[in-house]
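Engineer: I am sharing model12.txt, which consists of compact mmCIF, C-alpha atoms:
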# COMPACT_ATOMS: atom_id res chain seq x y z
CA MET H 1 125.24 153.29 120.00
CA GLU H 2 124.93 154.91 123.40
CA TYR H 3 124.19 152.85 126.49
CA THR H 4 122.40 154.08 129.56
CA GLU H 5 124.10 153.60 132.90
CA GLN H 6 121.71 150.77 133.74
CA GLU H 7 122.36 148.98 130.45
CA LEU H 8 126.10 149.37 130.90
CA ALA H 9 125.91 148.08 134.49
CA ALA H 10 123.85 145.07 133.37
CA LYS H 11 126.31 144.33 130.58
CA MET H 12 129.28 144.49 132.99
CA LYS H 13 127.50 142.27 135.51
CA LYS H 14 126.83 139.67 132.81
CA ARG H 15 130.48 139.78 131.67
CA LEU H 16 131.74 139.32 135.26
CA THR H 17 129.37 136.41 135.80
CA SER H 18 130.51 134.64 132.62
CA GLU H 19 134.17 135.25 133.57
CA ARG H 20 133.60 133.79 137.04
CA ASP H 21 131.91 130.76 135.48
CA ARG H 22 134.82 130.29 133.08
CA GLN H 23 137.30 130.47 135.97
CA ARG H 24 135.23 128.05 138.04
CA ARG H 25 135.14 125.52 135.19
CA TRP H 26 138.91 125.91 134.65
CA ARG H 27 139.61 125.33 138.37
CA PHE H 28 137.36 122.27 138.34
CA ARG H 29 139.23 120.80 135.35
CA GLN H 30 142.56 121.43 137.08
CA LYS H 31 141.34 119.67 140.23
CA GLU H 32 140.15 116.73 138.12
CA LYS H 33 143.73 116.43 136.84
CA GLY H 34 144.87 116.16 140.46
CA LEU H 35 146.38 119.65 140.61
CA LYS H 36 146.16 121.73 143.77
CA PRO H 37 146.35 125.51 144.13
CA ILE H 38 149.18 127.09 146.13
CA ALA H 39 149.95 130.68 147.03
CA GLY H 40 153.14 132.41 148.08
CA MET H 41 155.16 135.58 147.94
CA VAL H 42 158.50 135.80 146.13
CA SER H 43 161.15 138.46 145.61
CA SER H 44 161.42 140.70 142.55
CA GLU H 45 164.49 138.74 141.49
CA ALA H 46 162.52 135.48 141.58
CA VAL H 47 159.73 137.07 139.52
CA SER H 48 162.29 138.23 136.94
CA ILE H 49 163.75 134.73 136.68
CA LEU H 50 160.26 133.23 136.44
CA ASN H 51 159.23 135.66 133.68
CA ALA H 52 162.46 134.99 131.77
CA GLN H 53 161.79 131.22 131.94
CA LYS H 54 158.19 131.79 130.86
CA LYS H 55 159.35 133.79 127.84
CA LYS H 56 162.14 131.33 127.00
CA THR H 57 160.09 128.13 127.28
CA GLY H 58 156.56 129.32 126.52
CA LYS H 59 155.34 127.44 129.58
CA THR H 60 152.91 128.71 132.18
CA VAL H 61 154.00 129.86 135.63
CA SER H 62 152.35 126.74 137.07
CA GLU H 63 154.32 124.43 134.77
CA ILE H 64 157.62 126.17 135.58
CA LEU H 65 156.99 126.07 139.34
CA GLU H 66 155.92 122.42 139.24
CA LYS H 67 159.05 121.43 137.33
CA ALA H 68 161.27 123.39 139.73
CA ILE H 69 159.65 121.78 142.77
CA LEU H 70 159.86 118.28 141.27
CA ASN H 71 163.52 118.85 140.37
CA LEU H 72 164.17 120.03 143.92
CA SER H 73 162.53 116.90 145.26
CA ALA H 74 164.55 114.68 142.92
CA SER H 75 167.82 116.32 143.96
CA VAL H 76 167.05 116.06 147.68
CA MET H 77 165.50 112.59 147.59
CA PRO H 78 166.29 110.87 144.27
CA HIS H 79 164.76 107.56 145.33
CA ALA H 80 161.50 109.22 146.45
CA ALA H 81 160.97 110.84 143.06
CA GLN H 82 161.25 107.46 141.36
CA GLU H 83 158.88 105.76 143.80
CA THR H 84 156.10 108.32 143.34
CA SER H 85 156.15 108.28 139.54
CA SER H 86 153.87 105.76 137.84
CA VAL H 87 155.32 106.81 134.50
CA PRO H 88 158.50 105.07 133.44
CA ALA H 89 161.53 107.20 132.67
CA PRO H 90 164.04 106.41 129.95
CA LEU H 91 167.21 104.92 131.39
CA ASN H 92 169.61 107.24 129.65
CA ASP H 93 169.09 111.03 129.68
CA CYS H 94 171.64 111.67 126.92
CA PRO H 95 170.50 112.94 123.53
CA PRO H 96 170.94 110.54 120.65
CA GLN H 97 173.86 110.62 118.25
CA LYS H 98 173.02 111.06 114.58
CA ASN H 99 172.98 108.12 112.15
CA GLU H 100 173.05 105.34 114.73
CA PRO H 101 170.26 103.93 116.91
CA THR H 102 170.96 104.37 120.58
CA GLU H 103 169.82 102.98 123.88
CA TYR H 104 168.24 106.40 124.50
CA GLN H 105 166.07 106.10 121.39
CA GLU H 106 164.96 102.61 122.38
CA ASP H 107 164.19 103.83 125.91
CA ILE H 108 162.08 106.68 124.51
CA LEU H 109 160.19 104.35 122.16
CA ASN H 110 159.51 101.82 124.91
CA THR H 111 158.46 104.58 127.30
CA ILE H 112 156.00 106.02 124.79
CA LYS H 113 154.56 102.55 124.15
CA LYS H 114 154.17 101.88 127.86
CA MET H 115 152.68 105.28 128.67
CA ARG H 116 150.20 104.99 125.82
CA ARG H 117 149.21 101.34 126.21
CA GLU H 118 149.34 100.79 129.96
CA ASN H 119 148.50 104.26 131.29
CA ASN H 120 146.35 105.33 128.31
CA LEU H 121 147.94 108.78 128.34
CA PRO H 122 147.17 111.24 125.53
CA PHE H 123 150.07 112.24 123.29
CA ASN H 124 150.09 115.83 124.61
CA GLU H 125 150.33 114.54 128.18
CA ILE H 126 153.27 112.29 127.27
CA ALA H 127 154.98 115.31 125.67
CA ARG H 128 154.32 117.41 128.79
CA ILE H 129 155.86 114.72 131.02
CA PHE H 130 158.91 114.41 128.77
CA ASN H 131 159.35 118.21 128.81
CA GLU H 132 159.02 118.33 132.61
CA LYS H 133 161.71 115.67 132.93
CA GLY H 134 163.93 117.68 130.58
CA LEU H 135 164.29 114.83 128.09
CA LYS H 136 165.70 115.66 124.68
CA THR H 137 163.74 114.73 121.55
CA LEU H 138 165.08 112.04 119.24
CA SER H 139 166.59 114.82 117.11
CA GLY H 140 168.24 116.39 120.18
CA GLU H 141 165.82 119.33 120.58
CA ASP H 142 164.60 120.54 123.98
CA ILE H 143 160.82 120.62 123.46
CA TRP H 144 158.48 117.69 122.82
CA ASP H 145 154.99 118.15 121.40
CA GLY H 146 152.00 115.86 121.03
CA LYS H 147 152.37 115.67 117.25
CA SER H 148 155.89 114.30 117.43
CA ILE H 149 154.88 111.75 120.09
CA TYR H 150 151.97 110.72 117.83
CA ALA H 151 154.27 110.31 114.82
CA ILE H 152 156.72 108.19 116.84
CA TYR H 153 153.87 106.08 118.21
CA LYS H 154 152.44 105.50 114.72
CA ASN H 155 155.88 104.37 113.52
CA ILE H 156 156.08 101.96 116.46
CA GLU H 157 152.66 100.56 115.60
CA GLU H 158 153.62 100.03 111.96
CA ARG H 159 156.68 97.93 112.86
Would you mind writing the file out in structure tokens?
Structural biologist:
Amino acid sequence: MEYTEQELAAKMKKRLTSERDRQRRWRFRQKEKGLKPIAGMVSSEAVSILNAQKKKTGKTVSEILEKAILNLSASVMPHAAQETSSVPAPLNDCPPQKNEPTEYQEDILNTIKKMRRENNLPFNEIARIFNEKGLKTLSGEDIWDGKSIYAIYKNIEER
């Protein structure tokens, strides 16, 4: 089917409008989450490192930058990072050993309970926070997901 120039222009205008609306809604949702936009220029080397991290972790540029900035803050002012967080952190950052319950596992379980019950956080949000903090899963893996948090929480509830 052939389009006239006017029909094509109208179609493109409609597509641009719907794309702008989609972006506007996305920005609004991000602001509702308390996120703020930033802009900056970085070197080619920094872009390469950022892209490698994005490919390796599957995270967005925003998530990688936020984690890097929060880690920087924690290394410069460790006490300030703890004061600003309303989410409890497990006491021990070591992965668990197989076949024996550990303090780390108990810390994770208690943290999940607290985050879910007191802060009413969704399972995916709890997983995102654990991943940002670099916490290992109970099986020693690097990446948490909402399904695993849900399964752990259900096991806690059944106890």
Engineer: Could you check the closest approach to Thr57 (chain H) for each of H:Glu125, H:Glu132, H:Asp21, H:Glu2 and tell me which residue wins, using all atoms listed in the file?
Structural biologist: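 Of the candidates, the smallest distance to Thr57 (chain H) is held by H:Glu132.
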Engineer: Which polymer residues have any atom within 10 Å of an atom of Pro37 (chain H), counting all atoms listed in the file, with same-chain residues fewer than 2 positions away left out, as a ChimeraX atom specification?
Structural biologist: /H:27,30-31,35,39,62
Engineer: Could you jot down the CA of Ile64 (chain H) to CA of Lys114 (chain H) separation for me, Å, one decimal place?
Structural biologist: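 CA of Lys114 (chain H) lies 25.7 Å from CA of Ile64 (chain H).
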Engineer: Rounded to one decimal, what separation in Å do you get between CA of Asn120 (chain H) and CA of Asp107 (chain H)?
Structural biologist: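 Going from CA of Asn120 (chain H) over to CA of Asp107 (chain H) covers 18.1 Å.
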Engineer: Rank H:Ile152, H:Leu109, H:Val42, H:Leu50 by their smallest atom-to-atom distance to Leu65 (chain H), using only C-alpha atoms, and report the top residue only.
Structural biologist: H:Leu50
Engineer: Could you check which of H:Met1, H:Ile129, H:Ile143, H:Ala46 is closest to Leu70 (chain H), using all atoms listed in the file?
Structural biologist: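 Checking each candidate against Leu70 (chain H), we get H:Ile129 as the closest.
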Engineer: Any idea what the distance is between CA of Ala127 (chain H) and CA of Asp145 (chain H)?
Structural biologist: 5.1 Å
Engineer: At a cut-off of 9 Å, using only C-alpha atoms, what residues contact Tyr153 (chain H)? Leave out same-chain residues fewer than 2 positions from it and give the result as a list in words.
Structural biologist: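 Here the answer would be Leu109, Ile112, Lys113, Arg116, Phe123, Ser148, Ile149, Tyr150, Ala151, Asn155, Ile156, Glu157 and Glu158 of chain H.
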Engineer: Check the smallest atom-to-atom distance from each of H:Tyr104, H:Gly134, H:Arg29, H:Gly58 to Asn71 (chain H) using all atoms listed in the file, then report the winner.
Structural biologist: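 Using all atoms listed in the file, Asn71 (chain H) sits closest to H:Gly134.
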Engineer: Could you put an axis-aligned box around every listed atom of region 111-125 of chain H, padded by 3 Å on each side, and send me its centre and edge lengths in Å to one decimal, as AutoDock Vina command-line options?
Structural biologist:
--center_x 152.4 --center_y 108.3 --center_z 127.3 --size_x 18.1 --size_y 21.0 --size_z 14.0
